[in-house]
file work.csv (CSV, N, CA and C atoms and all ligand atoms)
chain,number,residue,atom,x,y,z
A,1,MET,N,15.4,-21.5,8.6
A,1,MET,CA,15.0,-21.0,9.9
A,1,MET,C,15.1,-19.5,10.0
A,2,ARG,N,13.9,-19.0,10.2
A,2,ARG,CA,14.0,-17.5,10.3
A,2,ARG,C,13.4,-17.1,11.7
A,3,LEU,N,13.7,-15.9,12.1
A,3,LEU,CA,13.3,-15.4,13.3
A,3,LEU,C,11.8,-15.2,13.3
A,4,GLU,N,11.1,-15.9,14.3
A,4,GLU,CA,9.7,-15.7,14.4
A,4,GLU,C,9.3,-14.7,15.4
A,5,ARG,N,9.2,-13.5,15.0
A,5,ARG,CA,8.9,-12.4,15.9
A,5,ARG,C,8.0,-11.4,15.2
A,6,GLU,N,6.9,-11.1,15.9
A,6,GLU,CA,6.0,-10.1,15.3
A,6,GLU,C,6.5,-8.7,15.6
A,7,LEU,N,6.4,-7.8,14.6
A,7,LEU,CA,6.8,-6.5,14.8
A,7,LEU,C,5.7,-5.8,15.7
A,8,ALA,N,6.2,-4.9,16.5
A,8,ALA,CA,5.3,-4.0,17.2
A,8,ALA,C,4.9,-2.8,16.3
A,9,CYS,N,3.8,-2.2,16.6
A,9,CYS,CA,3.3,-1.1,15.7
A,9,CYS,C,4.4,0.0,15.7
A,10,GLN,N,5.0,0.3,16.8
A,10,GLN,CA,6.1,1.3,16.8
A,10,GLN,C,7.2,1.0,15.9
A,11,GLU,N,7.5,-0.3,15.8
A,11,GLU,CA,8.6,-0.7,14.8
A,11,GLU,C,8.2,-0.5,13.4
A,12,VAL,N,6.9,-0.8,13.1
A,12,VAL,CA,6.4,-0.6,11.8
A,12,VAL,C,6.5,0.9,11.4
A,13,VAL,N,6.1,1.7,12.4
A,13,VAL,CA,6.2,3.2,12.1
A,13,VAL,C,7.6,3.6,11.8
A,14,GLU,N,8.6,3.0,12.5
A,14,GLU,CA,10.0,3.3,12.3
A,14,GLU,C,10.5,2.7,11.0
A,15,LEU,N,9.9,1.6,10.6
A,15,LEU,CA,10.4,1.0,9.4
A,15,LEU,C,9.7,1.4,8.1
A,16,VAL,N,8.6,2.2,8.2
A,16,VAL,CA,7.8,2.5,7.1
A,16,VAL,C,8.6,3.3,6.0
A,17,THR,N,9.5,4.1,6.4
A,17,THR,CA,10.3,4.9,5.4
A,17,THR,C,11.2,3.9,4.6
A,18,ALA,N,11.8,3.0,5.3
A,18,ALA,CA,12.7,2.1,4.7
A,18,ALA,C,11.9,1.1,3.8
A,19,TYR,N,10.7,0.8,4.2
A,19,TYR,CA,9.8,-0.1,3.4
A,19,TYR,C,9.5,0.6,2.1
A,20,LEU,N,9.1,1.9,2.2
A,20,LEU,CA,8.6,2.6,1.0
A,20,LEU,C,9.8,2.9,0.1
A,21,GLU,N,11.0,3.0,0.7
A,21,GLU,CA,12.2,3.2,-0.2
A,21,GLU,C,12.8,1.8,-0.6
A,22,ASP,N,12.1,0.8,-0.2
A,22,ASP,CA,12.5,-0.6,-0.7
A,22,ASP,C,13.9,-0.9,-0.2
A,23,SER,N,14.2,-0.5,1.1
A,23,SER,CA,15.5,-0.8,1.6
A,23,SER,C,15.5,-1.7,2.8
A,24,LEU,N,14.4,-2.4,3.0
A,24,LEU,CA,14.4,-3.4,4.1
A,24,LEU,C,14.9,-4.7,3.5
A,25,SER,N,15.5,-5.5,4.5
A,25,SER,CA,15.9,-6.8,4.1
A,25,SER,C,14.7,-7.6,3.8
A,26,PRO,N,14.8,-8.7,3.0
A,26,PRO,CA,13.6,-9.5,2.7
A,26,PRO,C,12.9,-10.0,3.9
A,27,GLU,N,13.6,-10.4,5.0
A,27,GLU,CA,13.0,-10.8,6.2
A,27,GLU,C,12.2,-9.8,6.9
A,28,ASP,N,12.8,-8.6,7.0
A,28,ASP,CA,12.1,-7.5,7.6
A,28,ASP,C,10.9,-7.1,6.8
A,29,ARG,N,11.0,-7.1,5.5
A,29,ARG,CA,9.9,-6.7,4.6
A,29,ARG,C,8.7,-7.7,4.8
A,30,GLU,N,9.1,-9.0,5.0
A,30,GLU,CA,8.1,-10.0,5.1
A,30,GLU,C,7.3,-9.8,6.5
A,31,ARG,N,8.1,-9.5,7.5
A,31,ARG,CA,7.5,-9.3,8.8
A,31,ARG,C,6.6,-8.0,8.8
A,32,PHE,N,7.1,-7.0,8.1
A,32,PHE,CA,6.4,-5.8,8.0
A,32,PHE,C,5.0,-6.1,7.3
A,33,GLU,N,5.0,-6.8,6.2
A,33,GLU,CA,3.8,-7.1,5.5
A,33,GLU,C,2.9,-8.0,6.3
A,34,GLU,N,3.5,-8.9,7.1
A,34,GLU,CA,2.6,-9.8,7.9
A,34,GLU,C,1.9,-9.0,9.0
A,35,HIS,N,2.6,-8.0,9.5
A,35,HIS,CA,2.0,-7.1,10.5
A,35,HIS,C,0.8,-6.4,9.9
A,36,LEU,N,1.0,-5.9,8.7
A,36,LEU,CA,-0.1,-5.1,8.0
A,36,LEU,C,-1.4,-5.9,7.8
A,37,VAL,N,-1.2,-7.2,7.7
A,37,VAL,CA,-2.4,-8.1,7.4
A,37,VAL,C,-3.4,-8.0,8.5
A,38,PHE,N,-2.9,-7.9,9.7
A,38,PHE,CA,-3.9,-7.9,10.9
A,38,PHE,C,-4.0,-6.5,11.6
A,39,CYS,N,-3.2,-5.5,11.1
A,39,CYS,CA,-3.2,-4.3,11.9
A,39,CYS,C,-3.7,-3.1,11.0
A,40,ASP,N,-5.0,-2.8,11.3
A,40,ASP,CA,-5.6,-1.7,10.5
A,40,ASP,C,-4.9,-0.3,10.7
A,41,GLY,N,-4.4,-0.1,11.9
A,41,GLY,CA,-3.7,1.2,12.2
A,41,GLY,C,-2.5,1.4,11.3
A,42,CYS,N,-1.7,0.3,11.2
A,42,CYS,CA,-0.5,0.4,10.4
A,42,CYS,C,-0.9,0.4,8.9
A,43,GLN,N,-1.9,-0.2,8.5
A,43,GLN,CA,-2.4,-0.1,7.1
A,43,GLN,C,-2.7,1.3,6.8
A,44,ASN,N,-3.5,2.0,7.7
A,44,ASN,CA,-3.9,3.4,7.5
A,44,ASN,C,-2.6,4.3,7.5
A,45,TYR,N,-1.7,4.0,8.4
A,45,TYR,CA,-0.5,4.7,8.5
A,45,TYR,C,0.3,4.6,7.2
A,46,LEU,N,0.4,3.4,6.7
A,46,LEU,CA,1.2,3.2,5.4
A,46,LEU,C,0.5,3.9,4.2
A,47,ALA,N,-0.9,3.9,4.2
A,47,ALA,CA,-1.6,4.5,3.2
A,47,ALA,C,-1.4,6.0,3.2
A,48,GLN,N,-1.4,6.6,4.5
A,48,GLN,CA,-1.2,8.0,4.7
A,48,GLN,C,0.2,8.4,4.2
A,49,MET,N,1.2,7.6,4.5
A,49,MET,CA,2.6,7.8,4.0
A,49,MET,C,2.6,7.8,2.5
A,50,ARG,N,1.9,6.8,1.9
A,50,ARG,CA,2.0,6.7,0.4
A,50,ARG,C,1.3,8.0,-0.2
A,51,ASP,N,0.2,8.5,0.4
A,51,ASP,CA,-0.4,9.7,-0.1
A,51,ASP,C,0.5,10.9,0.0
A,52,THR,N,1.2,11.0,1.1
A,52,THR,CA,2.1,12.1,1.3
A,52,THR,C,3.2,12.0,0.2
A,53,ILE,N,3.7,10.8,0.0
A,53,ILE,CA,4.8,10.7,-1.0
A,53,ILE,C,4.3,11.0,-2.4
A,54,ALA,N,3.0,10.5,-2.7
A,54,ALA,CA,2.4,10.8,-4.0
A,54,ALA,C,2.2,12.3,-4.2
A,55,ALA,N,1.9,13.0,-3.1
A,55,ALA,CA,1.6,14.4,-3.2
A,55,ALA,C,2.9,15.2,-3.3
A,56,THR,N,4.0,14.8,-2.6
A,56,THR,CA,5.2,15.6,-2.6
A,56,THR,C,6.3,15.0,-3.5
A,57,GLY,N,6.1,13.7,-3.9
A,57,GLY,CA,7.1,13.1,-4.7
A,57,GLY,C,8.3,12.6,-4.0
A,58,ARG,N,8.2,12.6,-2.7
A,58,ARG,CA,9.4,12.0,-1.9
A,58,ARG,C,8.9,11.6,-0.5
A,59,VAL,N,9.8,10.9,0.2
A,59,VAL,CA,9.5,10.5,1.5
A,59,VAL,C,9.8,11.8,2.4
A,60,PRO,N,8.8,12.2,3.2
A,60,PRO,CA,9.1,13.4,4.0
A,60,PRO,C,10.2,13.2,5.0
A,61,PRO,N,11.1,14.1,5.1
A,61,PRO,CA,12.3,13.9,5.9
A,61,PRO,C,12.0,13.6,7.4
A,62,GLY,N,11.0,14.2,8.0
A,62,GLY,CA,10.7,13.9,9.4
A,62,GLY,C,9.7,12.7,9.4
A,63,ALA,N,9.3,12.2,8.3
A,63,ALA,CA,8.4,11.1,8.1
A,63,ALA,C,7.0,11.4,8.5
A,64,LEU,N,6.8,12.3,9.5
A,64,LEU,CA,5.4,12.5,10.0
A,64,LEU,C,5.2,14.0,10.2
A,65,PRO,N,4.0,14.5,9.9
A,65,PRO,CA,3.6,15.9,10.3
A,65,PRO,C,3.6,16.0,11.8
A,66,ALA,N,3.9,17.2,12.3
A,66,ALA,CA,3.9,17.4,13.8
A,66,ALA,C,2.7,16.9,14.4
A,67,GLY,N,2.8,16.1,15.5
A,67,GLY,CA,1.7,15.7,16.3
A,67,GLY,C,1.1,14.4,15.8
A,68,LEU,N,1.3,14.1,14.5
A,68,LEU,CA,0.6,12.9,14.0
A,68,LEU,C,1.2,11.6,14.7
A,69,GLU,N,2.5,11.5,14.8
A,69,GLU,CA,3.1,10.3,15.4
A,69,GLU,C,2.6,10.1,16.8
A,70,GLU,N,2.5,11.1,17.5
A,70,GLU,CA,2.0,11.0,18.9
A,70,GLU,C,0.6,10.5,18.9
A,71,ARG,N,-0.3,11.0,18.0
A,71,ARG,CA,-1.7,10.6,18.0
A,71,ARG,C,-1.7,9.1,17.6
A,72,LEU,N,-0.9,8.7,16.6
A,72,LEU,CA,-0.9,7.4,16.1
A,72,LEU,C,-0.5,6.4,17.2
A,73,LEU,N,0.6,6.8,17.9
A,73,LEU,CA,1.1,5.9,18.9
A,73,LEU,C,0.1,5.8,20.1
A,74,GLU,N,-0.6,6.8,20.3
A,74,GLU,CA,-1.6,6.8,21.4
A,74,GLU,C,-2.7,5.8,20.9
A,75,ALA,N,-3.1,5.9,19.7
A,75,ALA,CA,-4.2,5.0,19.2
A,75,ALA,C,-3.7,3.6,19.2
A,76,PHE,N,-2.4,3.4,18.9
A,76,PHE,CA,-1.9,2.0,18.9
A,76,PHE,C,-2.0,1.4,20.3
A,77,ARG,N,-1.6,2.3,21.2
A,77,ARG,CA,-1.6,1.8,22.6
A,77,ARG,C,-3.0,1.4,23.0
A,78,GLY,N,-4.0,2.2,22.6
A,78,GLY,CA,-5.4,1.9,22.9
A,78,GLY,C,-5.8,0.6,22.4
A,79,TRP,N,-5.4,0.3,21.1
A,79,TRP,CA,-5.8,-1.0,20.5
A,79,TRP,C,-5.1,-2.2,21.2
A,80,ARG,N,-3.9,-2.0,21.6
A,80,ARG,CA,-3.2,-3.1,22.2
A,80,ARG,C,-3.7,-3.4,23.6
A,81,ALA,N,-4.3,-2.3,24.2
A,81,ALA,CA,-4.8,-2.5,25.6
A,81,ALA,C,-6.2,-3.2,25.5
A,82,SER,N,-6.9,-3.0,24.5
A,82,SER,CA,-8.2,-3.5,24.4
A,82,SER,C,-8.2,-5.1,24.1
A,101,ZN,ZN,0.4,-2.1,13.8

call {"tool": "encode", "arguments": {"input": "work.csv", "output": "structure tokens"}}
result
Amino acid sequence: MRLERELACQEVVELVTAYLEDSLSPEDRERFEEHLVFCDGCQNYLAQMRDTIAATGRVPPGALPAGLEERLLEAFRGWRAS
């Protein structure tokens, strides 16, 4: 029996660093990946994070360039409203 709950985009954004560092629990990791299957926004976000890490060799400490998080969350809100 596992918790059946979908992650919200904002939770994915918050978990992406842990995901990329492979520090999520198996359950959280599974939910994270399930979310990515149907959410293009979070797929793009994850790809962007991977590119950043590939370019810099590490997870950026603030996780996001200034302004990007706000733009993403705005976009997420738009998708959820539609
Ligand atoms: Zn999402």

call {"tool": "closest_residue", "arguments": {"input": "work.csv", "among": "A:Met49, A:Cys9, A:Ala18, A:Ala55", "to": "A:Leu36", "atoms": "only C-alpha atoms"}}
result
A:Cys9

call {"tool": "closest_residue", "arguments": {"input": "work.csv", "among": "A:Ile53, A:Ala47, A:Val59, A:Cys42", "to": "ligand ZN 101 (chain A)", "atoms": "only C-alpha atoms and all ligand atoms"}}
result
A:Cys42

call {"tool": "residues_near_ligand", "arguments": {"input": "work.csv", "ligand": "ligand ZN 101 (chain A)", "cutoff": "12 Å", "atoms": "only C-alpha atoms and all ligand atoms", "output": "PyMOL selection string"}}
result
chain A and resi 6-16+31-46+72-80

call {"tool": "atom_distance", "arguments": {"input": "work.csv", "atom1": "atom C of A:Glu70", "atom2": "atom CA of A:Glu21"}}
result
23.5 Å

call {"tool": "atom_distance", "arguments": {"input": "work.csv", "atom1": "atom CA of A:Gly57", "atom2": "atom CA of A:Arg29"}}
result
22.1 Å

call {"tool": "atom_distance", "arguments": {"input": "work.csv", "atom1": "atom N of A:Thr17", "atom2": "atom C of A:Arg58"}}
result
10.2 Å
